[in-house]
$ cat my_file-v3.csv   # CSV, C-alpha atoms and all ligand atoms
chain,number,residue,atom,x,y,z
J,22,MET,CA,-17.0,23.0,-22.2
J,23,LYS,CA,-18.0,25.4,-19.4
J,24,PRO,CA,-19.3,23.5,-16.4
J,25,SER,CA,-23.0,24.1,-15.7
J,26,LYS,CA,-24.3,25.7,-12.5
J,27,ARG,CA,-25.8,22.4,-11.5
J,28,GLY,CA,-22.4,20.7,-12.2
J,29,ASN,CA,-20.7,23.2,-10.0
J,30,ARG,CA,-23.2,22.8,-7.2
J,31,ASN,CA,-22.8,19.0,-7.3
J,32,LEU,CA,-19.1,19.2,-7.2
J,33,MET,CA,-19.2,21.6,-4.3
J,34,ARG,CA,-21.5,19.2,-2.4
J,35,ALA,CA,-19.2,16.3,-3.2
J,36,ILE,CA,-16.1,18.3,-1.9
J,37,ASN,CA,-17.9,19.2,1.3
J,38,ARG,CA,-19.1,15.6,1.8
J,39,ASN,CA,-15.5,14.4,1.2
J,40,LEU,CA,-14.2,16.8,3.8
J,41,VAL,CA,-16.7,15.6,6.4
J,42,LEU,CA,-16.1,12.0,5.6
J,43,ASN,CA,-12.3,12.3,5.8
J,44,LEU,CA,-12.6,14.1,9.2
J,45,ILE,CA,-14.8,11.3,10.5
J,46,GLN,CA,-12.5,8.6,9.0
J,47,SER,CA,-9.2,10.1,10.3
J,48,GLU,CA,-10.3,11.6,13.6
J,49,GLY,CA,-13.7,10.2,14.5
J,50,PRO,CA,-15.8,9.6,16.5
J,51,LEU,CA,-16.7,13.3,16.2
J,52,SER,CA,-19.8,15.3,17.1
J,53,ARG,CA,-21.5,17.5,14.4
J,54,THR,CA,-20.2,20.5,16.3
J,55,ASP,CA,-16.6,19.2,16.2
J,56,ILE,CA,-17.0,18.6,12.5
J,57,ALA,CA,-18.3,22.1,11.9
J,58,ARG,CA,-15.5,23.6,13.9
J,59,ARG,CA,-12.7,21.6,12.3
J,60,SER,CA,-14.0,21.8,8.7
J,61,GLY,CA,-15.0,25.5,8.7
J,62,LEU,CA,-18.4,24.4,7.2
J,63,GLY,CA,-21.6,25.9,8.6
J,64,ASN,CA,-23.7,23.9,11.1
J,65,ALA,CA,-26.6,23.5,8.6
J,66,THR,CA,-24.3,22.1,5.9
J,67,VAL,CA,-22.7,19.7,8.3
J,68,SER,CA,-26.1,18.5,9.5
J,69,GLU,CA,-27.3,18.0,6.0
J,70,ILE,CA,-24.2,16.0,5.0
J,71,ALA,CA,-24.2,14.0,8.2
J,72,GLY,CA,-27.8,13.1,7.6
J,73,GLU,CA,-27.1,11.9,4.2
J,74,LEU,CA,-24.1,9.8,5.3
J,75,VAL,CA,-26.0,8.3,8.2
J,76,ALA,CA,-28.9,7.5,5.9
J,77,SER,CA,-26.6,5.7,3.5
J,78,GLY,CA,-25.2,3.6,6.4
J,79,LEU,CA,-21.7,4.7,5.6
J,80,VAL,CA,-21.5,6.7,8.9
J,81,GLU,CA,-23.2,5.6,12.2
J,82,GLU,CA,-24.1,7.5,15.4
J,83,VAL,CA,-22.6,6.2,18.6
J,84,GLY,CA,-22.5,7.1,22.3
J,85,GLU,CA,-23.2,10.5,23.8
J,86,GLY,CA,-20.6,13.3,24.1
J,87,GLU,CA,-20.0,15.9,26.7
J,88,SER,CA,-22.9,18.4,26.7
J,89,THR,CA,-22.5,22.1,27.3
J,90,GLY,CA,-26.2,22.4,28.2
J,91,GLY,CA,-29.1,21.2,26.1
J,92,ARG,CA,-29.2,18.0,24.2
J,93,ARG,CA,-26.2,15.7,24.5
J,94,PRO,CA,-24.4,15.4,21.1
J,95,LEU,CA,-24.1,12.1,19.4
J,96,PHE,CA,-20.7,11.1,17.9
J,97,LEU,CA,-20.4,10.1,14.3
J,98,ARG,CA,-18.0,7.4,13.1
J,99,LEU,CA,-17.4,5.4,10.0
J,100,ASN,CA,-19.5,2.2,9.9
J,101,PRO,CA,-16.9,-0.4,8.9
J,102,ALA,CA,-19.6,-2.9,7.9
J,103,ALA,CA,-21.3,-0.5,5.3
J,104,GLY,CA,-19.4,-2.4,2.6
J,105,TYR,CA,-16.6,-4.8,2.0
J,106,VAL,CA,-13.7,-4.9,-0.4
J,107,VAL,CA,-11.4,-7.5,-1.8
J,108,GLY,CA,-7.6,-7.1,-2.0
J,109,VAL,CA,-5.3,-9.4,-3.9
J,110,LYS,CA,-1.6,-9.4,-4.0
J,111,VAL,CA,-0.2,-11.3,-7.0
J,112,MET,CA,3.2,-12.8,-6.4
J,113,GLU,CA,5.5,-15.1,-8.5
J,114,GLN,CA,4.4,-18.3,-6.7
J,115,SER,CA,1.2,-17.4,-5.0
J,116,LEU,CA,-1.9,-15.2,-4.8
J,117,THR,CA,-2.9,-13.8,-1.4
J,118,CYS,CA,-6.5,-12.7,-1.3
J,119,ALA,CA,-8.2,-10.8,1.6
J,120,VAL,CA,-11.7,-9.5,2.3
J,121,THR,CA,-11.7,-6.4,4.5
J,122,ASP,CA,-14.3,-4.0,6.0
J,123,LEU,CA,-14.1,-0.3,5.4
J,124,ASN,CA,-11.6,0.2,8.1
J,125,ALA,CA,-9.2,-2.3,6.3
J,126,ASN,CA,-9.7,-5.0,9.0
J,127,VAL,CA,-9.2,-8.4,7.4
J,128,ILE,CA,-12.3,-10.6,7.7
J,129,ALA,CA,-11.0,-13.6,5.7
J,130,HIS,CA,-7.9,-14.3,3.7
J,131,GLN,CA,-6.4,-17.2,1.8
J,132,ILE,CA,-3.2,-18.0,0.0
J,133,THR,CA,-3.4,-19.8,-3.4
J,134,PRO,CA,-0.2,-21.4,-4.8
J,135,LEU,CA,0.5,-20.8,-8.5
J,136,GLY,CA,1.7,-23.6,-10.7
J,137,THR,CA,4.4,-23.3,-13.3
J,138,ASP,CA,1.9,-22.3,-16.1
J,139,HIS,CA,2.1,-18.5,-16.0
J,140,GLN,CA,-0.2,-17.8,-19.0
J,141,LEU,CA,-2.6,-14.9,-18.4
J,142,PRO,CA,-5.9,-16.9,-18.7
J,143,VAL,CA,-4.5,-19.5,-16.3
J,144,ILE,CA,-3.6,-17.0,-13.6
J,145,GLN,CA,-6.8,-15.0,-14.1
J,146,ALA,CA,-8.9,-18.2,-13.6
J,147,LEU,CA,-7.1,-19.0,-10.4
J,148,LEU,CA,-7.6,-15.4,-9.3
J,149,ILE,CA,-11.3,-15.5,-9.9
J,150,GLU,CA,-11.6,-18.8,-8.0
J,151,ALA,CA,-9.5,-17.4,-5.1
J,152,ILE,CA,-11.7,-14.2,-4.8
J,153,GLN,CA,-14.9,-16.3,-4.9
J,154,THR,CA,-13.7,-18.7,-2.1
J,155,THR,CA,-12.4,-15.8,0.1
J,156,VAL,CA,-15.7,-13.9,-0.2
J,157,ARG,CA,-17.6,-17.1,0.6
J,158,ASN,CA,-15.4,-17.7,3.7
J,159,ALA,CA,-16.0,-14.1,4.8
J,160,GLN,CA,-19.7,-14.9,4.9
J,161,ILE,CA,-20.8,-11.4,3.8
J,162,GLY,CA,-22.7,-12.0,0.6
J,163,ARG,CA,-21.1,-11.1,-2.8
J,164,GLU,CA,-23.4,-8.2,-3.4
J,165,ARG,CA,-21.8,-6.4,-0.4
J,166,VAL,CA,-18.4,-6.3,-2.2
J,167,ILE,CA,-18.0,-2.7,-3.5
J,168,GLY,CA,-14.7,-3.2,-5.4
J,169,ILE,CA,-11.6,-5.3,-5.9
J,170,GLY,CA,-8.0,-4.0,-5.6
J,171,ILE,CA,-5.1,-5.9,-7.1
J,172,GLY,CA,-1.5,-5.2,-6.5
J,173,LEU,CA,1.5,-6.7,-8.4
J,174,ALA,CA,5.1,-5.9,-9.2
J,175,GLY,CA,5.9,-4.3,-12.5
J,176,LEU,CA,4.9,-1.4,-14.7
J,177,ILE,CA,1.1,-0.9,-14.3
J,178,ASP,CA,-1.3,1.4,-16.0
J,179,PRO,CA,-4.0,1.9,-13.3
J,180,GLU,CA,-6.1,4.1,-15.5
J,181,HIS,CA,-6.7,1.4,-18.1
J,182,GLY,CA,-6.3,-1.6,-15.9
J,183,ARG,CA,-3.4,-2.8,-18.0
J,184,ILE,CA,0.0,-4.3,-17.2
J,185,GLY,CA,2.8,-2.7,-19.1
J,186,TYR,CA,5.4,-5.2,-18.0
J,187,SER,CA,5.3,-8.0,-15.3
J,188,PRO,CA,8.8,-9.2,-14.4
J,189,TYR,CA,7.4,-12.4,-12.7
J,190,PHE,CA,5.2,-13.6,-15.5
J,191,ASP,CA,6.9,-11.9,-18.5
J,192,TRP,CA,3.6,-10.3,-19.6
J,193,ARG,CA,3.9,-7.2,-21.8
J,194,ASP,CA,1.0,-4.8,-22.4
J,195,VAL,CA,-1.9,-7.0,-21.4
J,196,ASP,CA,-5.4,-6.1,-20.3
J,197,PHE,CA,-5.8,-7.4,-16.8
J,198,ALA,CA,-8.8,-5.7,-15.2
J,199,GLY,CA,-11.3,-5.8,-18.1
J,200,SER,CA,-12.3,-9.4,-18.0
J,201,LEU,CA,-12.4,-9.4,-14.2
J,202,GLU,CA,-14.7,-6.4,-14.2
J,203,THR,CA,-17.0,-8.2,-16.6
J,204,HIS,CA,-17.0,-11.3,-14.4
J,205,PHE,CA,-17.6,-9.6,-11.0
J,206,ASN,CA,-19.4,-6.5,-12.1
J,207,VAL,CA,-17.7,-4.2,-9.6
J,208,PRO,CA,-14.9,-1.7,-10.2
J,209,ILE,CA,-11.4,-3.3,-10.4
J,210,TYR,CA,-8.4,-1.3,-9.4
J,211,LEU,CA,-5.0,-2.4,-10.5
J,212,GLU,CA,-1.8,-0.9,-9.1
J,213,ASN,CA,1.9,-1.5,-8.6
J,214,ASP,CA,2.3,-3.4,-5.3
J,215,VAL,CA,4.5,-0.9,-3.6
J,216,ASN,CA,2.0,1.8,-4.4
J,217,THR,CA,-0.8,-0.3,-2.8
J,218,LEU,CA,1.2,-0.4,0.5
J,219,THR,CA,1.8,3.4,0.3
J,220,ILE,CA,-1.9,4.0,-0.1
J,221,ALA,CA,-2.6,1.7,2.8
J,222,GLU,CA,-0.1,3.6,5.0
J,223,GLN,CA,-1.7,6.9,3.9
J,224,TRP,CA,-5.3,6.0,4.9
J,225,PHE,CA,-4.8,3.3,7.7
J,226,GLY,CA,-1.2,3.2,8.8
J,227,HIS,CA,1.7,5.3,10.0
J,228,GLY,CA,1.1,7.9,7.3
J,229,ARG,CA,-2.4,8.8,8.5
J,230,HIS,CA,-1.6,12.2,9.9
J,231,VAL,CA,1.6,12.9,7.9
J,232,ASP,CA,1.4,15.0,4.7
J,233,HIS,CA,4.9,14.2,3.4
J,234,PHE,CA,6.2,10.7,3.6
J,235,ALA,CA,7.8,7.8,1.7
J,236,VAL,CA,7.5,4.1,1.8
J,237,VAL,CA,10.5,1.9,1.0
J,238,THR,CA,10.1,-1.8,0.6
J,239,VAL,CA,12.8,-4.4,0.7
J,240,GLY,CA,12.5,-8.1,-0.1
J,241,ARG,CA,13.0,-9.8,-3.4
J,242,GLY,CA,13.4,-6.3,-4.8
J,243,ILE,CA,13.5,-2.7,-3.5
J,244,GLY,CA,10.7,-0.2,-4.3
J,245,SER,CA,9.3,3.1,-3.1
J,246,GLY,CA,6.1,5.1,-3.0
J,247,ILE,CA,5.7,8.7,-2.2
J,248,VAL,CA,3.0,10.9,-0.6
J,249,MET,CA,3.6,14.7,-0.9
J,250,ASN,CA,1.4,17.5,0.4
J,251,GLY,CA,-1.1,14.9,1.4
J,252,GLN,CA,-1.4,13.4,-2.1
J,253,PHE,CA,-0.2,10.0,-3.2
J,254,CYS,CA,2.2,10.7,-6.2
J,255,ARG,CA,1.1,8.1,-8.7
J,256,ASP,CA,3.3,9.5,-11.4
J,257,ALA,CA,6.4,9.3,-9.3
J,258,ALA,CA,8.3,6.2,-10.8
J,259,GLY,CA,9.2,4.8,-7.4
J,260,GLU,CA,12.2,3.0,-8.9
J,261,ILE,CA,14.6,3.7,-6.0
J,262,GLY,CA,15.8,0.1,-6.4
J,263,HIS,CA,17.3,1.0,-9.8
J,264,THR,CA,19.2,4.1,-8.7
J,265,THR,CA,22.9,3.4,-9.1
J,266,LEU,CA,24.8,2.6,-6.0
J,267,LEU,CA,28.1,1.0,-7.2
J,268,LEU,CA,29.9,1.9,-10.4
J,269,ASP,CA,31.3,-1.6,-10.8
J,270,GLY,CA,28.6,-3.5,-9.0
J,271,PRO,CA,26.8,-6.7,-9.9
J,272,ARG,CA,24.4,-6.8,-12.8
J,273,CYS,CA,20.7,-6.1,-11.9
J,274,ASP,CA,17.6,-7.9,-13.2
J,275,CYS,CA,16.8,-4.7,-15.1
J,276,GLY,CA,19.9,-5.1,-17.2
J,277,LYS,CA,21.9,-2.2,-15.7
J,278,VAL,CA,24.9,-2.5,-13.4
J,279,GLY,CA,25.3,-1.6,-9.7
J,280,CYS,CA,21.6,-0.8,-8.9
J,281,LEU,CA,20.6,-0.5,-5.2
J,282,GLU,CA,18.4,-3.6,-5.7
J,283,ALA,CA,21.3,-5.6,-7.1
J,284,VAL,CA,23.4,-4.8,-4.0
J,285,ALA,CA,20.9,-4.7,-1.2
J,286,ALA,CA,17.7,-6.8,-1.9
J,287,ASP,CA,17.3,-10.3,-0.5
J,288,PRO,CA,18.7,-12.1,-3.6
J,289,ALA,CA,21.8,-9.9,-3.4
J,290,VAL,CA,22.5,-11.1,0.1
J,291,ILE,CA,22.5,-14.7,-1.1
J,292,ARG,CA,24.6,-13.9,-4.1
J,293,GLU,CA,27.2,-12.1,-2.0
J,294,LEU,CA,27.3,-15.1,0.4
J,295,ARG,CA,27.8,-17.6,-2.4
J,296,GLN,CA,30.7,-15.6,-3.8
J,297,ARG,CA,32.4,-15.3,-0.5
J,298,LEU,CA,31.9,-19.0,0.2
J,299,ALA,CA,33.5,-19.8,-3.2
J,300,LEU,CA,36.5,-17.7,-2.1
J,301,GLY,CA,36.8,-19.9,0.9
J,302,ALA,CA,35.2,-17.9,3.7
J,303,GLU,CA,34.3,-19.8,6.9
J,304,SER,CA,30.6,-20.2,7.6
J,305,THR,CA,28.1,-22.7,8.9
J,306,LEU,CA,26.3,-22.2,5.6
J,307,ARG,CA,29.1,-24.0,3.7
J,308,GLY,CA,27.7,-27.0,2.0
J,309,VAL,CA,24.0,-25.9,2.2
J,310,GLU,CA,22.7,-26.6,-1.3
J,311,ALA,CA,19.6,-24.5,-1.6
J,312,LEU,CA,20.7,-21.3,0.2
J,313,THR,CA,17.6,-19.3,1.2
J,314,PHE,CA,17.2,-15.9,2.8
J,315,ASP,CA,15.6,-17.5,5.9
J,316,ALA,CA,18.6,-19.8,6.2
J,317,VAL,CA,20.9,-16.8,6.1
J,318,VAL,CA,18.9,-15.0,8.8
J,319,ALA,CA,18.9,-18.1,11.0
J,320,ALA,CA,22.7,-18.4,10.6
J,321,ALA,CA,23.1,-14.8,11.6
J,322,ASP,CA,20.9,-15.3,14.6
J,323,ALA,CA,23.1,-18.2,15.6
J,324,GLY,CA,26.2,-15.9,15.4
J,325,ASP,CA,27.6,-16.8,11.9
J,326,SER,CA,29.9,-13.9,11.1
J,327,LEU,CA,29.7,-14.3,7.3
J,328,ALA,CA,25.8,-14.2,7.4
J,329,ILE,CA,26.0,-11.2,9.8
J,330,ASP,CA,28.4,-9.4,7.5
J,331,ALA,CA,26.3,-10.0,4.3
J,332,LEU,CA,23.1,-8.8,6.0
J,333,ALA,CA,24.9,-5.8,7.5
J,334,ARG,CA,26.3,-4.8,4.1
J,335,SER,CA,22.8,-5.0,2.5
J,336,GLY,CA,21.4,-2.9,5.3
J,337,TYR,CA,24.1,-0.3,5.0
J,338,CYS,CA,23.6,0.0,1.2
J,339,LEU,CA,19.8,0.2,1.7
J,340,GLY,CA,20.4,3.0,4.2
J,341,ILE,CA,22.4,4.9,1.6
J,342,GLY,CA,19.6,4.6,-0.8
J,343,ILE,CA,17.1,5.9,1.8
J,344,ALA,CA,19.5,8.7,2.7
J,345,ASN,CA,19.5,9.7,-1.0
J,346,LEU,CA,15.7,9.7,-1.0
J,347,ILE,CA,15.6,11.9,2.1
J,348,ASN,CA,18.2,14.3,0.6
J,349,LEU,CA,16.0,14.6,-2.5
J,350,LEU,CA,12.5,14.9,-1.0
J,351,SER,CA,13.0,15.7,2.7
J,352,PRO,CA,10.0,13.6,3.8
J,353,HIS,CA,8.9,13.9,7.5
J,354,LEU,CA,8.6,10.1,7.7
J,355,VAL,CA,10.1,7.1,5.9
J,356,ILE,CA,8.4,3.8,6.5
J,357,VAL,CA,10.7,0.9,5.7
J,358,SER,CA,8.7,-2.3,5.1
J,359,GLY,CA,8.5,-5.5,3.1
J,360,GLU,CA,9.4,-9.1,3.7
J,361,GLY,CA,13.1,-8.3,4.1
J,362,ILE,CA,12.4,-6.6,7.4
J,363,ARG,CA,12.5,-10.2,8.9
J,364,ALA,CA,16.3,-10.0,8.9
J,365,GLY,CA,15.7,-7.7,11.9
J,366,GLU,CA,18.5,-5.7,13.5
J,367,HIS,CA,21.2,-7.6,11.5
J,368,ARG,CA,20.0,-5.4,8.6
J,369,LEU,CA,18.2,-2.5,10.3
J,370,THR,CA,21.0,-1.3,12.7
J,371,PRO,CA,23.5,-0.8,9.7
J,372,MET,CA,20.6,0.7,7.7
J,373,ARG,CA,20.0,3.4,10.4
J,374,ARG,CA,23.7,4.0,10.7
J,375,ALA,CA,24.0,4.7,7.0
J,376,ILE,CA,21.0,7.0,7.1
J,377,ASP,CA,22.7,9.0,10.0
J,378,GLU,CA,26.0,9.1,8.1
J,379,HIS,CA,24.6,10.1,4.6
J,380,VAL,CA,21.7,12.4,5.2
J,381,PHE,CA,22.5,16.1,4.6
J,382,ASN,CA,23.1,18.2,7.7
J,383,GLY,CA,19.9,19.5,9.2
J,384,LEU,CA,17.6,17.1,7.3
J,385,ARG,CA,18.1,14.1,9.7
J,386,GLU,CA,16.3,15.8,12.6
J,387,GLN,CA,13.2,16.4,10.5
J,388,VAL,CA,12.6,12.8,9.5
J,389,ARG,CA,11.3,9.9,11.5
J,390,ILE,CA,12.2,6.3,10.4
J,391,VAL,CA,9.7,3.6,11.1
J,392,THR,CA,10.3,-0.1,10.3
J,393,GLU,CA,7.5,-2.5,9.8
J,394,TRP,CA,7.4,-6.1,8.8
J,395,VAL,CA,4.9,-6.8,6.0
J,396,GLY,CA,3.5,-10.3,5.4
J,397,ASP,CA,1.2,-11.7,2.7
J,398,GLU,CA,-1.9,-10.6,4.5
J,399,THR,CA,-0.7,-7.0,4.9
J,400,TRP,CA,0.1,-6.8,1.1
J,401,ALA,CA,-3.4,-8.0,0.4
J,402,ARG,CA,-4.8,-5.4,2.8
J,403,GLY,CA,-2.7,-2.9,0.9
J,404,ALA,CA,-4.5,-3.9,-2.3
J,405,ALA,CA,-7.8,-3.6,-0.6
J,406,SER,CA,-6.8,0.0,0.4
J,407,LEU,CA,-6.8,0.8,-3.4
J,408,VAL,CA,-10.6,0.6,-3.2
J,409,LEU,CA,-10.9,2.1,0.2
J,410,GLY,CA,-8.8,5.1,-0.8
J,411,GLU,CA,-11.4,5.7,-3.5
J,412,ILE,CA,-14.0,6.3,-0.8
J,413,PHE,CA,-12.0,9.1,0.7
J,414,LYS,CA,-10.1,10.6,-2.3
J,415,SER,CA,-11.0,14.2,-3.2
J,416,PRO,CA,-13.7,14.5,-5.8
J,417,VAL,CA,-11.5,17.2,-7.5
J,418,LEU,CA,-9.2,14.3,-8.5
J,419,GLY,CA,-12.1,12.7,-10.5
J,420,GLU,CA,-15.3,10.7,-10.0
J,421,SER,CA,-15.1,7.7,-7.6
J,422,LYS,CA,-17.3,4.8,-8.8
J,423,VAL,CA,-17.1,3.4,-5.3
J,424,ILE,CA,-18.5,6.3,-3.3
J,425,GLU,CA,-21.4,6.5,-5.8
J,426,GLN,CA,-22.3,2.8,-4.9
J,427,LEU,CA,-22.3,3.6,-1.2
J,428,LEU,CA,-24.5,6.7,-1.2
J,429,PRO,CA,-28.2,6.9,-1.8
J,430,LYS,CA,-29.2,7.4,-5.5
J,431,SER,CA,-31.6,10.3,-4.7
J,432,THR,CA,-29.0,13.1,-4.8
J,501,ZN,ZN,18.2,-2.3,-11.8
$ encode --input "my_file-v3.csv" --output "structure tokens"
Amino acid sequence: MKPSKRGNRNLMRAINRNLVLNLIQSEGPLSRTDIARRSGLGNATVSEIAGELVASGLVEEVGEGESTGGRRPLFLRLNPAAGYVVGVKVMEQSLTCAVTDLNANVIAHQITPLGTDHQLPVIQALLIEAIQTTVRNAQIGRERVIGIGIGLAGLIDPEHGRIGYSPYFDWRDVDFAGSLETHFNVPIYLENDVNTLTIAEQWFGHGRHVDHFAVVTVGRGIGSGIVMNGQFCRDAAGEIGHTTLLLDGPRCDCGKVGCLEAVAADPAVIRELRQRLALGAESTLRGVEALTFDAVVAAADAGDSLAIDALARSGYCLGIGIANLINLLSPHLVIVSGEGIRAGEHRLTPMRRAIDEHVFNGLREQVRIVTEWVGDETWARGAASLVLGEIFKSPVLGESKVIEQLLPKST
């Protein structure tokens, strides 16, 4: 069907509004004149859009700028308290739930342990309770929550709010968002957890002013998310963890052999250590029954050479995986994050060395590597960014239910 003239006009308006809002979010506070100059929009258009955004409460006027004669201009900035969002990270043994403002600042958060009953209705009931408690603790009033973002590991169908496969809970093709949307009556956004971190980096983190970057997470598994030409690539599989690194390597959880994850993720470090202990290697970890990743890191800190070796090997292999990613996509920035960063330089120095040694000539100079530890709260903030990203995403990519809630209904 041919779009109507009115439809075109509304879309044009939405595109201009999105442009102004993004400028204010990424570079604000800005004066109306700054916005006109940077966006290429006319002064009248900017004034009209700014008026609408200020009236909605989404943008606020602050301070007075430098005047070049006449009235001093007021700066415009995003009003972080115009609405609140909830982010939940679902893990194997716990749920982390956070309430954030529109700048992704965490107002309240809590961690809920999960029992051994992993049936869908049980987990969903705990999730609902956790969200209610966290919103109550944030003292903002439930009606001010504009959306809920949920991140979890596995194959996710964000468009339909379904989980294709969850490795933690062994769910296959289940509707996850539907009943929650009915319960809370706000949009629910479901996404793979690594993608939620990538979206958070894009809007609020290291990726803010970078058009072309990748996020690689290391922890229980290894995952990746990609932003290219300023767009988050939802359709990129992000399964860097299951690219093959060793022909005769250990078996991976995915069923294949020699995957990067099976060689370089946290459980791989423990498995490697156990094997070498069984072969008689010297270590302070000998005799430790429940060998944890934290125990390995502590042993490495204390100078245990077996622990240091195992972490170094995992870091070097991770670096090869990242070098392959760089050779394939030539990003300008790679953000390495996840719980596994807590191994510190035991893992990161060998990782950087592998990147230096395996990236194709000429590409290394173009890419910056940033490492960032990510805890439970950051993951939940990432999930909240799913909703926040909807406020700023281009209207060309589809209608955003969230922005409609925030703007006055008169338009
Ligand atoms: Zn695998």
$ residues_near_ligand --input "my_file-v3.csv" --ligand "ligand ZN 501 (chain J)" --cutoff "12 Å" --atoms "all atoms listed in the file" --output "short mmCIF file (atom, residue, chain, number, x, y, z; two decimals) with C-alpha atoms, in the frame of the given file"
data_model
loop_
_atom_site.label_atom_id
_atom_site.label_comp_id
_atom_site.auth_asym_id
_atom_site.auth_seq_id
_atom_site.Cartn_x
_atom_site.Cartn_y
_atom_site.Cartn_z
CA PRO J 188 8.80 -9.20 -14.40
CA GLY J 242 13.40 -6.30 -4.80
CA ILE J 243 13.50 -2.70 -3.50
CA GLY J 244 10.70 -0.20 -4.30
CA GLU J 260 12.20 3.00 -8.90
CA ILE J 261 14.60 3.70 -6.00
CA GLY J 262 15.80 0.10 -6.40
CA HIS J 263 17.30 1.00 -9.80
CA THR J 264 19.20 4.10 -8.70
CA THR J 265 22.90 3.40 -9.10
CA LEU J 266 24.80 2.60 -6.00
CA LEU J 267 28.10 1.00 -7.20
CA GLY J 270 28.60 -3.50 -9.00
CA PRO J 271 26.80 -6.70 -9.90
CA ARG J 272 24.40 -6.80 -12.80
CA CYS J 273 20.70 -6.10 -11.90
CA ASP J 274 17.60 -7.90 -13.20
CA CYS J 275 16.80 -4.70 -15.10
CA GLY J 276 19.90 -5.10 -17.20
CA LYS J 277 21.90 -2.20 -15.70
CA VAL J 278 24.90 -2.50 -13.40
CA GLY J 279 25.30 -1.60 -9.70
CA CYS J 280 21.60 -0.80 -8.90
CA LEU J 281 20.60 -0.50 -5.20
CA GLU J 282 18.40 -3.60 -5.70
CA ALA J 283 21.30 -5.60 -7.10
CA VAL J 284 23.40 -4.80 -4.00
CA ALA J 285 20.90 -4.70 -1.20
CA ALA J 286 17.70 -6.80 -1.90
CA ALA J 289 21.80 -9.90 -3.40
#
$ closest_residue --input "my_file-v3.csv" --among "J:Ala316, J:Tyr210, J:Asp322, J:Ala174" --to "Gly259 in chain J" --atoms "all atoms listed in the file"
J:Ala174
$ closest_residue --input "my_file-v3.csv" --among "J:Leu173, J:Ile161, J:Ala321, J:Ala299" --to "Ile128 in chain J" --atoms "all atoms listed in the file"
J:Ile161
$ residues_around --input "my_file-v3.csv" --residues "Gly49 in chain J" --least-positions-apart "2" --cutoff "12 Å" --atoms "all atoms listed in the file" --output "number ranges by chain"
J: 41-47, 51-53, 55-56, 59, 80-83, 95-100
$ residues_around --input "my_file-v3.csv" --residues "Val395 in chain J" --least-positions-apart "6" --cutoff "8 Å" --atoms "all atoms listed in the file" --output "PyMOL selection string"
chain J and resi 358-360+362
$ axis_aligned_box --input "my_file-v3.csv" --around "range 152-170 of chain J" --padding-each-side "4 Å" --output "lines of an AutoDock Vina configuration file"
center_x = -15.7
center_y = -10.7
center_z = -0.5
size_x = 23.4
size_y = 24.0
size_z = 18.8
$ closest_residue --input "my_file-v3.csv" --among "J:Asn348, J:Ser245, J:Ser415, J:Thr305" --to "Gly383 in chain J" --atoms "only C-alpha atoms"
J:Asn348
$ residues_near_point --input "my_file-v3.csv" --point "(-13.0, 2.7, -0.4)" --cutoff "10 Å" --atoms "all atoms listed in the file" --output "PyMOL selection string"
chain J and resi 104-106+122-125+167-170+224+405-414+421-424+427
$ write_last_selection --input "my_file-v3.csv" --atoms "C-alpha atoms" --output "compact mmCIF listing (two decimals), keeping the file's coordinate frame"
# COMPACT_ATOMS: atom_id res chain seq x y z
CA GLY J 104 -19.40 -2.40 2.60
CA TYR J 105 -16.60 -4.80 2.00
CA VAL J 106 -13.70 -4.90 -0.40
CA ASP J 122 -14.30 -4.00 6.00
CA LEU J 123 -14.10 -0.30 5.40
CA ASN J 124 -11.60 0.20 8.10
CA ALA J 125 -9.20 -2.30 6.30
CA ILE J 167 -18.00 -2.70 -3.50
CA GLY J 168 -14.70 -3.20 -5.40
CA ILE J 169 -11.60 -5.30 -5.90
CA GLY J 170 -8.00 -4.00 -5.60
CA TRP J 224 -5.30 6.00 4.90
CA ALA J 405 -7.80 -3.60 -0.60
CA SER J 406 -6.80 0.00 0.40
CA LEU J 407 -6.80 0.80 -3.40
CA VAL J 408 -10.60 0.60 -3.20
CA LEU J 409 -10.90 2.10 0.20
CA GLY J 410 -8.80 5.10 -0.80
CA GLU J 411 -11.40 5.70 -3.50
CA ILE J 412 -14.00 6.30 -0.80
CA PHE J 413 -12.00 9.10 0.70
CA LYS J 414 -10.10 10.60 -2.30
CA SER J 421 -15.10 7.70 -7.60
CA LYS J 422 -17.30 4.80 -8.80
CA VAL J 423 -17.10 3.40 -5.30
CA ILE J 424 -18.50 6.30 -3.30
CA LEU J 427 -22.30 3.60 -1.20
